[in-house]
file run22.cif (mmCIF, C-alpha atoms and all ligand atoms)
data_start
#
loop_
_atom_site.label_atom_id
_atom_site.label_comp_id
_atom_site.auth_asym_id
_atom_site.auth_seq_id
_atom_site.Cartn_x
_atom_site.Cartn_y
_atom_site.Cartn_z
CA MET A 122 -5.39 30.08 -17.32
CA SER A 123 -4.14 27.43 -14.98
CA THR A 124 -3.64 23.88 -16.24
CA ARG A 125 -3.62 22.47 -12.75
CA THR A 126 -6.22 19.73 -12.24
CA PRO A 127 -8.14 20.42 -9.03
CA LEU A 128 -7.66 17.85 -6.27
CA MET A 129 -10.57 17.17 -3.92
CA ALA A 130 -9.33 15.02 -1.06
CA GLY A 131 -11.38 13.69 1.84
CA ASN A 132 -9.44 13.44 5.10
CA TRP A 133 -11.52 11.00 7.12
CA LYS A 134 -9.42 11.53 10.25
CA MET A 135 -10.28 8.85 12.89
CA ASN A 136 -13.64 7.94 11.36
CA LEU A 137 -15.07 4.95 9.42
CA ASN A 138 -13.80 1.42 10.09
CA HIS A 139 -12.79 -0.80 7.19
CA LEU A 140 -16.32 -2.08 6.59
CA GLU A 141 -17.71 1.44 6.61
CA ALA A 142 -14.85 2.48 4.34
CA ILE A 143 -15.83 -0.12 1.73
CA ALA A 144 -19.47 1.01 1.80
CA HIS A 145 -18.42 4.67 1.56
CA VAL A 146 -16.03 4.18 -1.39
CA GLN A 147 -18.65 2.06 -3.16
CA LYS A 148 -21.14 4.92 -2.77
CA LEU A 149 -18.60 7.37 -4.22
CA ALA A 150 -17.82 5.02 -7.09
CA PHE A 151 -21.53 4.62 -7.84
CA ALA A 152 -22.20 8.36 -7.78
CA LEU A 153 -19.14 9.64 -9.63
CA ALA A 154 -19.10 9.40 -13.41
CA ASP A 155 -16.14 9.46 -15.80
CA LYS A 156 -16.73 13.13 -16.53
CA ASP A 157 -16.27 13.97 -12.84
CA TYR A 158 -12.81 12.44 -12.89
CA ASP A 159 -11.95 14.25 -16.12
CA ALA A 160 -12.64 17.54 -14.38
CA VAL A 161 -11.31 16.81 -10.91
CA GLU A 162 -8.94 14.38 -9.23
CA VAL A 163 -10.70 12.68 -6.32
CA ALA A 164 -8.89 11.14 -3.36
CA VAL A 165 -9.70 9.74 0.07
CA LEU A 166 -7.38 9.55 3.07
CA PRO A 167 -8.82 6.81 5.32
CA PRO A 168 -7.34 5.55 8.60
CA PHE A 169 -4.42 3.10 8.17
CA THR A 170 -6.59 0.11 9.09
CA ASP A 171 -8.89 0.80 6.11
CA LEU A 172 -6.22 1.09 3.44
CA ARG A 173 -6.00 -2.58 2.47
CA SER A 174 -9.78 -2.79 2.04
CA VAL A 175 -9.85 0.41 -0.02
CA GLN A 176 -6.97 -0.86 -2.17
CA THR A 177 -8.77 -4.16 -2.84
CA LEU A 178 -11.91 -2.31 -3.90
CA VAL A 179 -10.11 0.26 -6.05
CA ASP A 180 -7.93 -2.40 -7.74
CA GLY A 181 -10.70 -4.95 -8.16
CA ASP A 182 -13.21 -2.55 -9.69
CA LYS A 183 -10.57 -0.41 -11.44
CA LEU A 184 -11.89 2.72 -9.76
CA LYS A 185 -10.41 6.08 -10.67
CA ILE A 186 -10.51 7.29 -7.11
CA LYS A 187 -7.09 7.75 -5.51
CA TYR A 188 -6.28 7.08 -1.88
CA GLY A 189 -3.59 7.69 0.66
CA ALA A 190 -2.73 7.87 4.34
CA GLN A 191 -3.07 10.61 6.94
CA ASP A 192 0.49 10.30 8.23
CA VAL A 193 3.75 8.39 7.68
CA SER A 194 6.71 7.56 9.87
CA ALA A 195 9.93 9.49 9.33
CA HIS A 196 11.77 6.18 9.83
CA ASP A 197 12.32 3.36 7.32
CA SER A 198 11.69 0.38 9.62
CA GLY A 199 12.57 -1.00 13.03
CA ALA A 200 11.69 -0.44 16.67
CA TYR A 201 9.09 2.34 16.29
CA THR A 202 6.01 0.92 17.99
CA GLY A 203 2.77 2.08 16.44
CA GLU A 204 4.32 3.70 13.38
CA ILE A 205 3.67 2.96 9.70
CA SER A 206 6.46 3.30 7.16
CA GLY A 207 6.41 4.86 3.72
CA SER A 208 7.32 1.52 2.12
CA MET A 209 4.26 -0.09 3.78
CA LEU A 210 2.04 2.62 2.27
CA ALA A 211 3.71 2.25 -1.12
CA LYS A 212 3.08 -1.50 -0.98
CA LEU A 213 -0.64 -0.71 -0.60
CA LYS A 214 -0.34 1.50 -3.70
CA CYS A 215 -1.16 4.70 -1.85
CA THR A 216 -0.77 7.80 -4.02
CA TYR A 217 -0.88 10.44 -1.31
CA VAL A 218 0.08 10.96 2.29
CA ALA A 219 -0.96 13.95 4.39
CA ILE A 220 1.97 15.33 6.36
CA GLY A 221 1.98 17.94 9.10
CA HIS A 222 -1.77 18.15 9.62
CA SER A 223 -2.45 20.64 12.41
CA GLU A 224 -3.93 17.84 14.54
CA ARG A 225 -0.59 16.01 14.30
CA ARG A 226 1.31 19.20 15.06
CA GLN A 227 -0.96 19.97 18.01
CA TYR A 228 -1.58 16.54 19.61
CA HIS A 229 1.63 14.80 18.59
CA HIS A 230 3.97 17.78 18.84
CA GLU A 231 5.18 17.49 15.25
CA THR A 232 7.70 20.20 14.52
CA ASP A 233 8.77 21.53 11.12
CA GLU A 234 11.85 19.26 11.42
CA ILE A 235 9.66 16.18 11.85
CA VAL A 236 7.41 17.31 9.00
CA ASN A 237 10.49 17.74 6.80
CA ALA A 238 11.75 14.24 7.70
CA LYS A 239 8.33 12.78 6.88
CA ILE A 240 8.28 14.54 3.51
CA LYS A 241 11.66 12.98 2.76
CA ALA A 242 10.29 9.56 3.80
CA ALA A 243 7.29 10.03 1.50
CA TYR A 244 9.41 10.92 -1.55
CA LYS A 245 11.84 8.12 -0.82
CA ASN A 246 8.93 5.72 -1.25
CA GLY A 247 7.28 7.33 -4.25
CA LEU A 248 4.39 8.85 -2.29
CA THR A 249 3.07 12.34 -2.99
CA PRO A 250 2.93 14.46 0.16
CA ILE A 251 -0.03 16.67 0.93
CA LEU A 252 1.80 19.14 3.16
CA CYS A 253 -0.59 20.81 5.60
CA VAL A 254 0.17 24.29 6.87
CA GLY A 255 -1.81 27.07 8.53
CA GLU A 256 -1.98 29.37 11.51
CA GLU A 257 -3.84 29.34 14.82
CA GLU A 258 -6.43 32.02 15.50
CA SER A 259 -4.13 34.09 17.74
CA VAL A 260 -1.55 34.31 14.95
CA ARG A 261 -4.16 35.61 12.51
CA GLU A 262 -5.41 38.13 15.07
CA GLU A 263 -1.87 39.46 15.29
CA GLY A 264 -1.75 39.70 11.48
CA ARG A 265 1.18 37.26 11.24
CA HIS A 266 -0.67 34.51 9.33
CA VAL A 267 1.20 34.86 6.04
CA ALA A 268 4.68 34.92 7.56
CA TYR A 269 3.80 32.09 9.95
CA THR A 270 2.48 29.85 7.17
CA LEU A 271 5.40 30.59 4.85
CA ALA A 272 7.83 29.68 7.65
CA GLN A 273 6.08 26.29 7.88
CA VAL A 274 6.50 25.87 4.10
CA ASP A 275 10.21 26.77 4.35
CA GLY A 276 10.74 24.30 7.19
CA ALA A 277 8.90 21.47 5.46
CA LEU A 278 10.73 21.89 2.15
CA LYS A 279 14.26 22.17 3.55
CA GLU A 280 16.67 20.20 1.32
CA ILE A 281 13.80 18.95 -0.88
CA PRO A 282 15.05 19.20 -4.48
CA ALA A 283 12.93 20.69 -7.26
CA GLU A 284 12.51 17.28 -8.95
CA GLN A 285 10.59 16.19 -5.85
CA ALA A 286 8.93 19.45 -4.81
CA GLU A 287 7.32 19.87 -8.23
CA SER A 288 4.82 17.11 -7.36
CA ILE A 289 3.95 18.26 -3.84
CA VAL A 290 0.44 19.32 -2.88
CA ILE A 291 0.20 22.02 -0.22
CA ALA A 292 -2.98 22.38 1.84
CA TYR A 293 -3.54 25.71 3.55
CA GLU A 294 -5.67 24.89 6.56
CA PRO A 295 -6.07 27.71 9.07
CA VAL A 296 -6.43 25.90 12.40
CA TRP A 297 -9.30 28.12 13.54
CA ALA A 298 -11.38 27.07 10.51
CA ILE A 299 -10.97 23.30 10.99
CA GLY A 300 -14.10 21.58 12.23
CA THR A 301 -15.47 24.84 13.57
CA GLY A 302 -17.83 25.85 10.79
CA LYS A 303 -15.84 29.11 10.58
CA VAL A 304 -14.76 29.05 6.97
CA CYS A 305 -11.92 31.32 6.02
CA GLY A 306 -13.20 33.96 3.59
CA ALA A 307 -12.29 33.16 -0.01
CA ASP A 308 -10.21 36.35 -0.28
CA ASP A 309 -8.36 35.54 2.95
CA ALA A 310 -7.66 32.00 1.74
CA GLN A 311 -6.46 33.35 -1.61
CA GLU A 312 -4.12 35.77 0.16
CA VAL A 313 -2.24 32.94 1.86
CA CYS A 314 -2.42 30.47 -1.05
CA GLY A 315 -1.06 33.17 -3.38
CA ALA A 316 1.74 33.87 -0.91
CA ILE A 317 2.59 30.15 -0.77
CA ARG A 318 2.87 30.07 -4.56
CA GLY A 319 5.06 33.15 -4.43
CA ARG A 320 7.33 31.44 -1.90
CA LEU A 321 7.61 28.34 -4.13
CA ALA A 322 8.73 30.63 -6.96
CA GLU A 323 11.41 32.11 -4.68
CA LEU A 324 12.57 28.72 -3.36
CA TYR A 325 12.51 26.99 -6.76
CA SER A 326 11.20 28.64 -9.93
CA GLN A 327 8.06 30.29 -11.30
CA GLU A 328 7.51 27.25 -13.50
CA LEU A 329 7.53 24.92 -10.49
CA ALA A 330 5.30 27.28 -8.50
CA ASP A 331 2.80 27.38 -11.36
CA ALA A 332 2.65 23.57 -11.47
CA VAL A 333 2.09 22.90 -7.75
CA ARG A 334 -1.45 22.42 -6.50
CA ILE A 335 -2.45 24.39 -3.43
CA GLN A 336 -5.59 23.36 -1.59
CA TYR A 337 -7.69 25.13 0.97
CA GLY A 338 -9.01 23.19 3.99
CA GLY A 339 -11.25 24.14 6.89
CA SER A 340 -15.05 23.76 7.04
CA VAL A 341 -15.38 23.24 3.27
CA LYS A 342 -18.90 22.23 2.26
CA SER A 343 -20.90 22.09 -0.97
CA GLY A 344 -22.34 25.49 -0.10
CA ASN A 345 -19.00 27.33 0.07
CA VAL A 346 -16.69 25.34 -2.20
CA ALA A 347 -17.51 27.17 -5.46
CA GLU A 348 -16.55 30.57 -4.05
CA ILE A 349 -13.27 29.18 -2.72
CA MET A 350 -12.46 27.35 -5.97
CA ALA A 351 -13.03 30.55 -7.97
CA LYS A 352 -9.80 31.97 -6.54
CA PRO A 353 -6.79 31.80 -8.86
CA ASP A 354 -4.33 30.15 -6.47
CA ILE A 355 -6.70 27.58 -4.96
CA ASP A 356 -6.57 24.25 -6.76
CA GLY A 357 -8.72 22.04 -4.61
CA ALA A 358 -9.83 21.33 -1.09
CA LEU A 359 -8.88 19.08 1.80
CA ILE A 360 -12.19 18.17 3.35
CA GLY A 361 -12.76 16.76 6.83
CA GLY A 362 -16.29 16.47 8.23
CA ALA A 363 -18.13 16.98 4.93
CA ALA A 364 -16.14 14.15 3.32
CA LEU A 365 -17.75 11.61 5.69
CA ASP A 366 -21.08 12.14 3.93
CA ALA A 367 -20.73 10.57 0.48
CA ASP A 368 -23.52 12.67 -1.08
CA GLU A 369 -22.01 15.88 0.25
CA PHE A 370 -18.51 14.90 -0.89
CA VAL A 371 -19.81 14.19 -4.39
CA LYS A 372 -21.42 17.66 -4.44
CA ILE A 373 -18.07 19.16 -3.45
CA VAL A 374 -16.34 17.23 -6.27
CA ARG A 375 -18.96 18.79 -8.59
CA PHE A 376 -18.20 22.27 -7.31
CA ARG A 377 -18.71 23.75 -10.76
CA ASP A 378 -22.40 22.83 -10.50
CA GLN A 379 -22.91 24.55 -7.13
O1 LIG A 401 -8.74 19.32 8.75
C1 LIG A 401 -9.40 19.32 7.72
C2 LIG A 401 -9.01 18.50 6.58
O2 LIG A 401 -7.72 18.00 6.73
C3 LIG A 401 -10.64 20.12 7.61
O3 LIG A 401 -11.59 19.59 8.45
P1 LIG A 401 -13.12 20.14 8.35
O4 LIG A 401 -13.48 20.09 6.90
O5 LIG A 401 -13.89 19.17 9.19
O6 LIG A 401 -13.10 21.53 8.87
#
call {"tool": "encode", "arguments": {"input": "run22.cif", "output": "structure tokens", "more": "lines below"}}
Ligand SMILES: O=C(CO)COP(=O)(O)O
result
Amino acid sequence: MSTRTPLMAGNWKMNLNHLEAIAHVQKLAFALADKDYDAVEVAVLPPFTDLRSVQTLVDGDKLKIKYGAQDVSAHDSGAYTGEISGSMLAKLKCTYVAIGHSERRQYHHETDEIVNAKIKAAYKNGLTPILCVGEEESVREEGRHVAYTLAQVDGALKEIPAEQAESIVIAYEPVWAIGTGKVCGADDAQEVCGAIRGRLAELYSQELADAVRIQYGGSVKSGNVAEIMAKPDIDGALIGGAALDADEFVKIVRFRDQ
């Protein structure tokens, strides 16, 4: 029986301004009870411009909800126009930072080397990375999805010591299932999440692999989350569209009731 606490994280992507963010987090805080947080860790990943407002709300009302960013610069500081450093996120008391989301890989040409550098920047600043991996549809059609995803894991974790890697969260998000309504079958998701855990055992140790949380992401909704969460190597979900609806996100957090 796993002792891993499930992590349900809402990736808002480029949605909700800071005023909408406050209203949304207040709704979540109102709906979620202490027993929800005992069963599940709940996090939101708003746009950078919302983080200060979310921090003020979470700190002021002592909310149990965690928050983090959707990306971080690989650099410490300096002439990097438009970038946000790990120390800036740490100053806002972010817990998490998503790294290597497929939309960053696709639209911003982030390679495994860049992802690796960003993971190092996150750990340097005490942030917990949510490393996103997953294959495009063509790769799955060719039956190379496991090898492809494991190569992304290898690249991202290069030179990351066990003392750091033991806290990482890995989100398996098959690109073809993101925002498409095409959810990956629970067995297919388990296949890759199980393989990721196996790779962590090879790279580090079985003990470390057993401690790391592996999420599934891609068209997760209240109607499919229970089936996905029933799989032994899936420890939570990274939720896009459905996380923008507070009622739906709360239902996902309460996946055991679905
Ligand atoms: O990319 C995702 C979360 O990071 C998933 O997005 P959807 O839940 O909208 O498919």
call {"tool": "closest_residue", "arguments": {"input": "run22.cif", "among": "A:Ala277, A:Ala154, A:Leu252, A:Ala243", "to": "ligand LIG 401 (chain A)", "atoms": "only C-alpha atoms and all ligand atoms"}}
result
A:Leu252
call {"tool": "atom_distance", "arguments": {"input": "run22.cif", "atom1": "CA of Lys148 (chain A)", "atom2": "CA of Ser174 (chain A)"}}
result
14.5 Å
call {"tool": "axis_aligned_box", "arguments": {"input": "run22.cif", "around": "ligand LIG 401 (chain A)", "padding_each_side": "4 Å", "output": "JSON"}}
result
{"center_x": -10.8, "center_y": 19.8, "center_z": 7.9, "size_x": 14.2, "size_y": 11.5, "size_z": 10.6}
call {"tool": "closest_residue", "arguments": {"input": "run22.cif", "among": "A:Ala332, A:Val304, A:Ile186, A:Ala286", "to": "ligand LIG 401 (chain A)", "atoms": "only C-alpha atoms and all ligand atoms"}}
result
A:Val304
call {"tool": "closest_residue", "arguments": {"input": "run22.cif", "among": "A:Leu128, A:Leu178, A:Ile355, A:Ala238", "to": "Val313 (chain A)", "atoms": "all atoms listed in the file"}}
result
A:Ile355
call {"tool": "residues_near_ligand", "arguments": {"input": "run22.cif", "ligand": "ligand LIG 401 (chain A)", "cutoff": "8 Å", "atoms": "all atoms listed in the file", "output": "JSON, numbers by chain"}}
result
{"A": [131, 132, 133, 134, 222, 223, 224, 253, 294, 296, 298, 299, 300, 301, 302, 304, 338, 339, 340, 341, 342, 359, 360, 361, 362, 363, 364]}
call {"tool": "atom_distance", "arguments": {"input": "run22.cif", "atom1": "CA of Val333 (chain A)", "atom2": "CA of Leu321 (chain A)"}}
result
8.6 Å
call {"tool": "atom_distance", "arguments": {"input": "run22.cif", "atom1": "CA of Thr249 (chain A)", "atom2": "CA of Asp155 (chain A)"}}
result
23.3 Å
call {"tool": "residues_around", "arguments": {"input": "run22.cif", "residues": "region 136-142 of chain A", "least_positions_apart": "6", "cutoff": "12 Å", "atoms": "all atoms listed in the file", "output": "MDAnalysis selection string"}}
result
chainID A and resid 148:149 165:179 188 191 361:367
call {"tool": "closest_residue", "arguments": {"input": "run22.cif", "among": "A:Lys245, A:Lys185, A:Arg320, A:Arg226", "to": "Leu271 (chain A)", "atoms": "all atoms listed in the file"}}
result
A:Arg320
call {"tool": "closest_residue", "arguments": {"input": "run22.cif", "among": "A:Ala316, A:Leu248, A:Val161, A:Cys215", "to": "Tyr269 (chain A)", "atoms": "only C-alpha atoms"}}
result
A:Ala316
call {"tool": "closest_residue", "arguments": {"input": "run22.cif", "among": "A:Asn246, A:Ser343, A:Gln379, A:Gln336", "to": "Met129 (chain A)", "atoms": "all atoms listed in the file"}}
result
A:Gln336
call {"tool": "residues_around", "arguments": {"input": "run22.cif", "residues": "Glu312 (chain A)", "least_positions_apart": "3", "cutoff": "12 Å", "atoms": "only C-alpha atoms", "output": "PDB file with C-alpha atoms, keeping the file's coordinate frame"}}
result
ATOM      1  CA  HIS A 266      -0.670  34.510   9.330  1.00  0.00           C
ATOM      2  CA  VAL A 267       1.200  34.860   6.040  1.00  0.00           C
ATOM      3  CA  ALA A 268       4.680  34.920   7.560  1.00  0.00           C
ATOM      4  CA  THR A 270       2.480  29.850   7.170  1.00  0.00           C
ATOM      5  CA  LEU A 271       5.400  30.590   4.850  1.00  0.00           C
ATOM      6  CA  TYR A 293      -3.540  25.710   3.550  1.00  0.00           C
ATOM      7  CA  CYS A 305     -11.920  31.320   6.020  1.00  0.00           C
ATOM      8  CA  GLY A 306     -13.200  33.960   3.590  1.00  0.00           C
ATOM      9  CA  ALA A 307     -12.290  33.160  -0.010  1.00  0.00           C
ATOM     10  CA  ASP A 308     -10.210  36.350  -0.280  1.00  0.00           C
ATOM     11  CA  ASP A 309      -8.360  35.540   2.950  1.00  0.00           C
ATOM     12  CA  GLY A 315      -1.060  33.170  -3.380  1.00  0.00           C
ATOM     13  CA  ALA A 316       1.740  33.870  -0.910  1.00  0.00           C
ATOM     14  CA  ILE A 317       2.590  30.150  -0.770  1.00  0.00           C
ATOM     15  CA  ARG A 318       2.870  30.070  -4.560  1.00  0.00           C
ATOM     16  CA  GLY A 319       5.060  33.150  -4.430  1.00  0.00           C
ATOM     17  CA  TYR A 337      -7.690  25.130   0.970  1.00  0.00           C
ATOM     18  CA  ILE A 349     -13.270  29.180  -2.720  1.00  0.00           C
ATOM     19  CA  LYS A 352      -9.800  31.970  -6.540  1.00  0.00           C
ATOM     20  CA  PRO A 353      -6.790  31.800  -8.860  1.00  0.00           C
ATOM     21  CA  ASP A 354      -4.330  30.150  -6.470  1.00  0.00           C
ATOM     22  CA  ILE A 355      -6.700  27.580  -4.960  1.00  0.00           C
TER      23      ILE A 355
END
call {"tool": "residues_near_point", "arguments": {"input": "run22.cif", "point": "(12.2, 17.7, 1.6)", "cutoff": "12 Å", "atoms": "all atoms listed in the file", "output": "PyMOL selection string"}}
result
chain A and resi 195+220+233-245+249-250+252+274-289
call {"tool": "residues_near_point", "arguments": {"input": "run22.cif", "point": "(-14.3, 25.0, -7.3)", "cutoff": "6 Å", "atoms": "only C-alpha atoms", "output": "mmCIF file with C-alpha atoms, in the coordinates of the input"}}
result
data_model
loop_
_atom_site.group_PDB
_atom_site.id
_atom_site.type_symbol
_atom_site.label_atom_id
_atom_site.label_comp_id
_atom_site.auth_asym_id
_atom_site.auth_seq_id
_atom_site.Cartn_x
_atom_site.Cartn_y
_atom_site.Cartn_z
ATOM 1 C CA VAL A 346 -16.690 25.340 -2.200
ATOM 2 C CA ALA A 347 -17.510 27.170 -5.460
ATOM 3 C CA MET A 350 -12.460 27.350 -5.970
ATOM 4 C CA ALA A 351 -13.030 30.550 -7.970
ATOM 5 C CA PHE A 376 -18.200 22.270 -7.310
ATOM 6 C CA ARG A 377 -18.710 23.750 -10.760
#
call {"tool": "decode", "arguments": {"input": "run22.cif", "residues": "region 204-221 of chain A", "atoms": "N, CA and C atoms", "output": "mmCIF file, in the first residue's frame"}}
result
data_model
loop_
_atom_site.group_PDB
_atom_site.id
_atom_site.type_symbol
_atom_site.label_atom_id
_atom_site.label_comp_id
_atom_site.auth_asym_id
_atom_site.auth_seq_id
_atom_site.Cartn_x
_atom_site.Cartn_y
_atom_site.Cartn_z
ATOM 1 N N GLU A 204 12.015 36.997 -18.310
ATOM 2 C CA GLU A 204 12.116 35.767 -17.506
ATOM 3 C C GLU A 204 11.908 36.045 -16.012
ATOM 4 N N ILE A 205 11.569 34.979 -15.300
ATOM 5 C CA ILE A 205 11.310 35.043 -13.855
ATOM 6 C C ILE A 205 12.227 34.027 -13.183
ATOM 7 N N SER A 206 12.976 34.491 -12.185
ATOM 8 C CA SER A 206 13.969 33.588 -11.569
ATOM 9 C C SER A 206 13.376 32.732 -10.451
ATOM 10 N N GLY A 207 14.087 31.672 -10.134
ATOM 11 C CA GLY A 207 13.697 30.802 -9.026
ATOM 12 C C GLY A 207 13.674 31.552 -7.707
ATOM 13 N N SER A 208 14.625 32.470 -7.500
ATOM 14 C CA SER A 208 14.643 33.195 -6.218
ATOM 15 C C SER A 208 13.422 34.119 -6.106
ATOM 16 N N MET A 209 12.950 34.648 -7.247
ATOM 17 C CA MET A 209 11.729 35.483 -7.200
ATOM 18 C C MET A 209 10.524 34.634 -6.788
ATOM 19 N N LEU A 210 10.461 33.421 -7.299
ATOM 20 C CA LEU A 210 9.343 32.521 -6.947
ATOM 21 C C LEU A 210 9.447 32.083 -5.488
ATOM 22 N N ALA A 211 10.671 31.843 -5.033
ATOM 23 C CA ALA A 211 10.860 31.439 -3.636
ATOM 24 C C ALA A 211 10.439 32.573 -2.704
ATOM 25 N N LYS A 212 10.732 33.806 -3.123
ATOM 26 C CA LYS A 212 10.376 34.980 -2.307
ATOM 27 C C LYS A 212 8.857 35.084 -2.156
ATOM 28 N N LEU A 213 8.124 34.593 -3.151
ATOM 29 C CA LEU A 213 6.649 34.592 -3.083
ATOM 30 C C LEU A 213 6.126 33.315 -2.426
ATOM 31 N N LYS A 214 7.049 32.568 -1.832
ATOM 32 C CA LYS A 214 6.719 31.331 -1.092
ATOM 33 C C LYS A 214 6.020 30.294 -1.962
ATOM 34 N N CYS A 215 6.392 30.232 -3.225
ATOM 35 C CA CYS A 215 5.876 29.157 -4.082
ATOM 36 C C CYS A 215 6.408 27.820 -3.569
ATOM 37 N N THR A 216 5.582 26.797 -3.616
ATOM 38 C CA THR A 216 6.048 25.444 -3.294
ATOM 39 C C THR A 216 6.528 24.752 -4.566
ATOM 40 N N TYR A 217 5.724 24.860 -5.614
ATOM 41 C CA TYR A 217 5.974 24.084 -6.834
ATOM 42 C C TYR A 217 6.330 24.961 -8.018
ATOM 43 N N VAL A 218 6.959 24.341 -9.003
ATOM 44 C CA VAL A 218 7.090 24.968 -10.316
ATOM 45 C C VAL A 218 7.024 23.870 -11.384
ATOM 46 N N ALA A 219 6.120 24.055 -12.329
ATOM 47 C CA ALA A 219 6.040 23.104 -13.450
ATOM 48 C C ALA A 219 7.219 23.373 -14.380
ATOM 49 N N ILE A 220 7.849 22.316 -14.819
ATOM 50 C CA ILE A 220 9.011 22.460 -15.716
ATOM 51 C C ILE A 220 8.855 21.476 -16.876
ATOM 52 N N GLY A 221 9.090 21.999 -18.077
ATOM 53 C CA GLY A 221 9.062 21.132 -19.261
ATOM 54 C C GLY A 221 7.675 20.776 -19.734
#
